[in-house]
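Take a look at the structure set out below.
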Amino acid sequence: MVSNVAFGLKMQGVQKSIRNKKALDFLYKFGLKDFTDAYPYQLSGGMKQRVALARAIVSDPSIMLMDEPFGALDSQTRMLLQEELVTLWRNLRKTVIFVTHDIDEAILLSDRVLIMSSRPGKIVKEFLIPTEIKRNLSDRFHPLIHDLKKEIWHLIKYEVQKEIQLANFS
């Protein structure tokens with residue numbers, strides 16, 4: 001698994017001893033110390049996702065693009081990895097573009113949420129997330145999140161209904 005996480009560094013021409021040390025550091029940071037020699041089939045879905053995050057971060061990108069990274073996980077693992085991602089973001093201060101269909105996840109992991117139309121895909125509205133939201137599990141029940149979630153849901157519902165009507169008349 002170390003070579004898997006270190007692959008990006010290898011492509012950057014980083015010396016083997018340095019890339020392996022960095023990969024191990026991230027595997028330890030992600031709670032995978034006991035699985036450094038494991039094969040993918042030996043890992044749970046959450047562990048595989050942590051390996052993918054470590055692989056993405058170890059190369060020190062200025063921007064991370066994440067497309068539904070937690071979509072296939074059970075809800076408990078998803079929440080834990082969301083918190084891990086927020087902690088990493090706070091420590092590394094990287095720009096993350098995060099695509100999700102989960103409204104709660106979008107609000108809790110973002111500074112702003114962009115809602116897109118169906119076809120053609122374009123941004124229909126931007127929501128700025130209030131700074132009072134601290135991005136942790138307990139803030140999932142913050143009144144501001146409830147109100148924001150409701151507003152976002154109504155806009156998404158409107159966009160979906162529009163798409164259904166167009167499909168029915170085609």
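Note on naming: chains are A, B, ... as they come in the structure tokens, residues start from 1 per chain, ligands start from 1 in the order shown.
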
query: Residues at most 12 Å from Tyr158 of chain A, counting only C-alpha atoms, excluding those fewer than 4 positions away in the same chain, as a list of chain:residue names?
result: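 These residues fall inside the cut-off: A:Ile115, A:Met116, A:Ser117, A:Ser118, A:Val124, A:Glu151, A:Ile152, A:Trp153, A:His154, A:Lys162, A:Glu163, A:Ile164, A:Gln165.
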
- request: Tell me which protein, DNA and RNA residues are within 6 Å of segment 94-110 of chain A, counting only C-alpha atoms, leaving out same-chain ones fewer than 5 positions away, and put them as number ranges by chain.
  value: A: 62-68, 135

For the residues selected in the previous step, produce a file with C-alpha atoms as a PDB file, in the first residue's frame.
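Generated file (selection_7.pdb):
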ATOM      1  CA  SER A  62      -2.545  23.145  -4.806  1.00  0.00           C
ATOM      2  CA  ILE A  63      -6.096  22.083  -5.739  1.00  0.00           C
ATOM      3  CA  MET A  64      -7.871  18.811  -4.979  1.00  0.00           C
ATOM      4  CA  LEU A  65     -10.790  17.702  -7.131  1.00  0.00           C
ATOM      5  CA  MET A  66     -13.080  15.256  -5.336  1.00  0.00           C
ATOM      6  CA  ASP A  67     -16.058  13.762  -7.164  1.00  0.00           C
ATOM      7  CA  GLU A  68     -18.429  11.948  -4.784  1.00  0.00           C
ATOM      8  CA  ARG A 135     -17.814  22.032  10.317  1.00  0.00           C
TER       9      ARG A 135
END

task: Measuring atom to atom with only C-alpha atoms, identify which of A:Ile123, A:Leu43, A:Leu9, A:Val2 is nearest to Leu24 of chain A.
output: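 For Leu24 of chain A, the nearest of the given residues is A:Val2.
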
- prompt: Please, which residues of chain A, numbered as in this document, come out strand (DSSP E or B) from DSSP, as a list in words?
  reply: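 The strand (DSSP E or B) subset of chain A is Ile63, Met64, Leu65, Met66, Asp67, Thr95, Val96, Ile97, Phe98, Val99, Arg112, Val113, Leu114, Ile115, Met116, Ile123, Val124, Lys125, Glu126, Phe127 and Leu128 of chain A.
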
How about saving the chosen residues, N, CA and C atoms kept, as a PDB file, in the first residue's frame?
ATOM      1  N   ILE A  63      -4.643  22.250  -5.661  1.00  0.00           N
ATOM      2  CA  ILE A  63      -6.096  22.083  -5.739  1.00  0.00           C
ATOM      3  C   ILE A  63      -6.410  20.587  -5.744  1.00  0.00           C
ATOM      4  N   MET A  64      -7.416  20.202  -4.974  1.00  0.00           N
ATOM      5  CA  MET A  64      -7.871  18.811  -4.979  1.00  0.00           C
ATOM      6  C   MET A  64      -9.274  18.766  -5.561  1.00  0.00           C
ATOM      7  N   LEU A  65      -9.474  17.910  -6.538  1.00  0.00           N
ATOM      8  CA  LEU A  65     -10.790  17.702  -7.131  1.00  0.00           C
ATOM      9  C   LEU A  65     -11.345  16.393  -6.592  1.00  0.00           C
ATOM     10  N   MET A  66     -12.501  16.449  -5.947  1.00  0.00           N
ATOM     11  CA  MET A  66     -13.080  15.256  -5.336  1.00  0.00           C
ATOM     12  C   MET A  66     -14.507  15.091  -5.842  1.00  0.00           C
ATOM     13  N   ASP A  67     -14.745  14.027  -6.578  1.00  0.00           N
ATOM     14  CA  ASP A  67     -16.058  13.762  -7.164  1.00  0.00           C
ATOM     15  C   ASP A  67     -16.724  12.611  -6.420  1.00  0.00           C
ATOM     16  N   THR A  95      -7.159  24.243  -1.584  1.00  0.00           N
ATOM     17  CA  THR A  95      -8.440  24.443  -2.244  1.00  0.00           C
ATOM     18  C   THR A  95      -8.983  23.067  -2.615  1.00  0.00           C
ATOM     19  N   VAL A  96     -10.233  22.798  -2.234  1.00  0.00           N
ATOM     20  CA  VAL A  96     -10.874  21.526  -2.552  1.00  0.00           C
ATOM     21  C   VAL A  96     -12.157  21.829  -3.307  1.00  0.00           C
ATOM     22  N   ILE A  97     -12.289  21.248  -4.485  1.00  0.00           N
ATOM     23  CA  ILE A  97     -13.548  21.308  -5.229  1.00  0.00           C
ATOM     24  C   ILE A  97     -14.196  19.954  -5.018  1.00  0.00           C
ATOM     25  N   PHE A  98     -15.338  19.979  -4.367  1.00  0.00           N
ATOM     26  CA  PHE A  98     -15.974  18.765  -3.876  1.00  0.00           C
ATOM     27  C   PHE A  98     -17.345  18.626  -4.534  1.00  0.00           C
ATOM     28  N   VAL A  99     -17.536  17.581  -5.289  1.00  0.00           N
ATOM     29  CA  VAL A  99     -18.820  17.327  -5.941  1.00  0.00           C
ATOM     30  C   VAL A  99     -19.586  16.316  -5.095  1.00  0.00           C
ATOM     31  N   ARG A 112     -18.760  27.511   0.285  1.00  0.00           N
ATOM     32  CA  ARG A 112     -19.878  27.907  -0.571  1.00  0.00           C
ATOM     33  C   ARG A 112     -20.372  26.683  -1.329  1.00  0.00           C
ATOM     34  N   VAL A 113     -21.651  26.701  -1.650  1.00  0.00           N
ATOM     35  CA  VAL A 113     -22.290  25.606  -2.369  1.00  0.00           C
ATOM     36  C   VAL A 113     -22.855  26.177  -3.660  1.00  0.00           C
ATOM     37  N   LEU A 114     -22.539  25.513  -4.755  1.00  0.00           N
ATOM     38  CA  LEU A 114     -23.067  25.920  -6.060  1.00  0.00           C
ATOM     39  C   LEU A 114     -24.098  24.895  -6.500  1.00  0.00           C
ATOM     40  N   ILE A 115     -25.271  25.386  -6.866  1.00  0.00           N
ATOM     41  CA  ILE A 115     -26.330  24.513  -7.362  1.00  0.00           C
ATOM     42  C   ILE A 115     -26.334  24.617  -8.878  1.00  0.00           C
ATOM     43  N   MET A 116     -26.364  23.440  -9.510  1.00  0.00           N
ATOM     44  CA  MET A 116     -26.339  23.415 -10.973  1.00  0.00           C
ATOM     45  C   MET A 116     -27.672  22.951 -11.529  1.00  0.00           C
ATOM     46  N   ILE A 123     -24.460  26.890 -13.458  1.00  0.00           N
ATOM     47  CA  ILE A 123     -24.688  27.295 -12.070  1.00  0.00           C
ATOM     48  C   ILE A 123     -25.927  28.177 -12.022  1.00  0.00           C
ATOM     49  N   VAL A 124     -26.892  27.775 -11.187  1.00  0.00           N
ATOM     50  CA  VAL A 124     -28.114  28.565 -11.059  1.00  0.00           C
ATOM     51  C   VAL A 124     -28.123  29.417  -9.790  1.00  0.00           C
ATOM     52  N   LYS A 125     -27.351  28.991  -8.771  1.00  0.00           N
ATOM     53  CA  LYS A 125     -27.297  29.797  -7.554  1.00  0.00           C
ATOM     54  C   LYS A 125     -26.087  29.393  -6.719  1.00  0.00           C
ATOM     55  N   GLU A 126     -25.549  30.375  -6.030  1.00  0.00           N
ATOM     56  CA  GLU A 126     -24.442  30.160  -5.100  1.00  0.00           C
ATOM     57  C   GLU A 126     -24.932  30.475  -3.693  1.00  0.00           C
ATOM     58  N   PHE A 127     -24.625  29.582  -2.763  1.00  0.00           N
ATOM     59  CA  PHE A 127     -24.951  29.791  -1.361  1.00  0.00           C
ATOM     60  C   PHE A 127     -23.648  29.918  -0.588  1.00  0.00           C
ATOM     61  N   LEU A 128     -23.476  30.998   0.136  1.00  0.00           N
ATOM     62  CA  LEU A 128     -22.306  31.159   0.999  1.00  0.00           C
ATOM     63  C   LEU A 128     -22.644  30.552   2.353  1.00  0.00           C
TER      64      LEU A 128
END

- request: Determine, counting only C-alpha atoms, which protein, DNA and RNA residues have an atom within 9 Å of an atom of segment 83-86 of chain A; residues of the same chain fewer than 2 positions away are not included. Present the result as a count of residues only.
  value: 15

query: Can you list, as a PyMOL selection string, every protein, DNA or RNA residue that comes within 12 Å of Thr36 of chain A when you count only C-alpha atoms, leaving out same-chain residues fewer than 4 positions away?
result: chain A and resi 1-6+20-21+23-32+40+42-43+47-48+51

Please dump the current selection as a PDB file, in the first residue's frame; keep C-alpha atoms.
ATOM      1  CA  MET A   1       0.000   0.000   0.000  1.00  0.00           C
ATOM      2  CA  VAL A   2       2.957   2.327   0.578  1.00  0.00           C
ATOM      3  CA  SER A   3       3.864   2.245  -3.112  1.00  0.00           C
ATOM      4  CA  ASN A   4       0.212   2.932  -3.997  1.00  0.00           C
ATOM      5  CA  VAL A   5       0.137   6.083  -1.838  1.00  0.00           C
ATOM      6  CA  ALA A   6       3.613   7.126  -3.038  1.00  0.00           C
ATOM      7  CA  ASN A  20       8.041   6.052   1.133  1.00  0.00           C
ATOM      8  CA  LYS A  21       8.535   8.047   4.342  1.00  0.00           C
ATOM      9  CA  ALA A  23       3.497   7.832   2.248  1.00  0.00           C
ATOM     10  CA  LEU A  24       3.964   6.073   5.603  1.00  0.00           C
ATOM     11  CA  ASP A  25       3.428   9.344   7.466  1.00  0.00           C
ATOM     12  CA  PHE A  26       0.078   9.828   5.731  1.00  0.00           C
ATOM     13  CA  LEU A  27      -0.972   6.212   6.210  1.00  0.00           C
ATOM     14  CA  TYR A  28      -0.263   6.586   9.938  1.00  0.00           C
ATOM     15  CA  LYS A  29      -2.101   9.925  10.014  1.00  0.00           C
ATOM     16  CA  PHE A  30      -5.135   8.214   8.459  1.00  0.00           C
ATOM     17  CA  GLY A  31      -5.141   5.399  10.997  1.00  0.00           C
ATOM     18  CA  LEU A  32      -3.761   2.758   8.642  1.00  0.00           C
ATOM     19  CA  PRO A  40      -6.761  -3.519  -1.556  1.00  0.00           C
ATOM     20  CA  GLN A  42      -7.949  -6.736   2.477  1.00  0.00           C
ATOM     21  CA  LEU A  43      -9.288  -3.240   3.211  1.00  0.00           C
ATOM     22  CA  MET A  47      -9.934   2.203   4.520  1.00  0.00           C
ATOM     23  CA  LYS A  48      -9.751   2.264   0.722  1.00  0.00           C
ATOM     24  CA  VAL A  51      -5.795   5.387   1.119  1.00  0.00           C
TER      25      VAL A  51
END

- request: Select from segment 25-65 of chain A everything DSSP, run on the backbone, classes as helix (DSSP H, G or I), then give the selection as a list in words.
  value: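 In segment 25-65 of chain A, DSSP puts these residues in helix (DSSP H, G or I): Asp25, Phe26, Leu27, Tyr28, Lys29, Lys33, Asp34, Phe35, Pro40, Tyr41, Gln42, Gly45, Gly46, Met47, Lys48, Gln49, Arg50, Val51, Ala52, Leu53, Ala54, Arg55, Ala56, Ile57 and Val58 of chain A.
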
Mind writing the picked residues with C-alpha atoms as an mmCIF file, in the first residue's frame?
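Saved as selection-v4.cif:
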data_model
loop_
_atom_site.group_PDB
_atom_site.id
_atom_site.type_symbol
_atom_site.label_atom_id
_atom_site.label_comp_id
_atom_site.auth_asym_id
_atom_site.auth_seq_id
_atom_site.Cartn_x
_atom_site.Cartn_y
_atom_site.Cartn_z
ATOM 1 C CA ASP A 25 3.428 9.344 7.466
ATOM 2 C CA PHE A 26 0.078 9.828 5.731
ATOM 3 C CA LEU A 27 -0.972 6.212 6.210
ATOM 4 C CA TYR A 28 -0.263 6.586 9.938
ATOM 5 C CA LYS A 29 -2.101 9.925 10.014
ATOM 6 C CA LYS A 33 -0.533 1.972 10.498
ATOM 7 C CA ASP A 34 -1.396 -1.732 10.764
ATOM 8 C CA PHE A 35 -2.269 -2.012 7.062
ATOM 9 C CA PRO A 40 -6.761 -3.519 -1.556
ATOM 10 C CA TYR A 41 -8.978 -6.604 -1.194
ATOM 11 C CA GLN A 42 -7.949 -6.736 2.477
ATOM 12 C CA GLY A 45 -14.449 0.622 1.916
ATOM 13 C CA GLY A 46 -13.553 3.319 4.442
ATOM 14 C CA MET A 47 -9.934 2.203 4.520
ATOM 15 C CA LYS A 48 -9.751 2.264 0.722
ATOM 16 C CA GLN A 49 -11.128 5.792 0.767
ATOM 17 C CA ARG A 50 -8.519 6.866 3.330
ATOM 18 C CA VAL A 51 -5.795 5.387 1.119
ATOM 19 C CA ALA A 52 -7.184 7.375 -1.825
ATOM 20 C CA LEU A 53 -7.179 10.572 0.251
ATOM 21 C CA ALA A 54 -3.610 9.920 1.398
ATOM 22 C CA ARG A 55 -2.527 9.303 -2.213
ATOM 23 C CA ALA A 56 -4.168 12.547 -3.322
ATOM 24 C CA ILE A 57 -2.722 14.671 -0.525
ATOM 25 C CA VAL A 58 0.817 13.285 -0.262
#

One-decimal distance in Å that lies between atom CA of Ala38 of chain A and atom CA of Lys10 of chain A: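 Atom CA of Ala38 of chain A lies at a distance of 19.7 Å from atom CA of Lys10 of chain A.
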
message: To one decimal place in Å, what is the distance between atom CA of Arg140 of chain A and atom CA of Phe70 of chain A?
response: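 Rounded to one decimal, the two atoms are 17.0 Å apart.
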
- request: Counting only C-alpha atoms, figure out which residue out of A:Thr87, A:Leu144, A:Gln12, A:Ser44 gets nearest to Leu73 of chain A.
  value: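 Closest to Leu73 of chain A, using only C-alpha atoms: A:Ser44.
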
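Put simply, atom CA of Asp139 of chain A is 12.7 Å away from atom CA of Gln82 of chain A.
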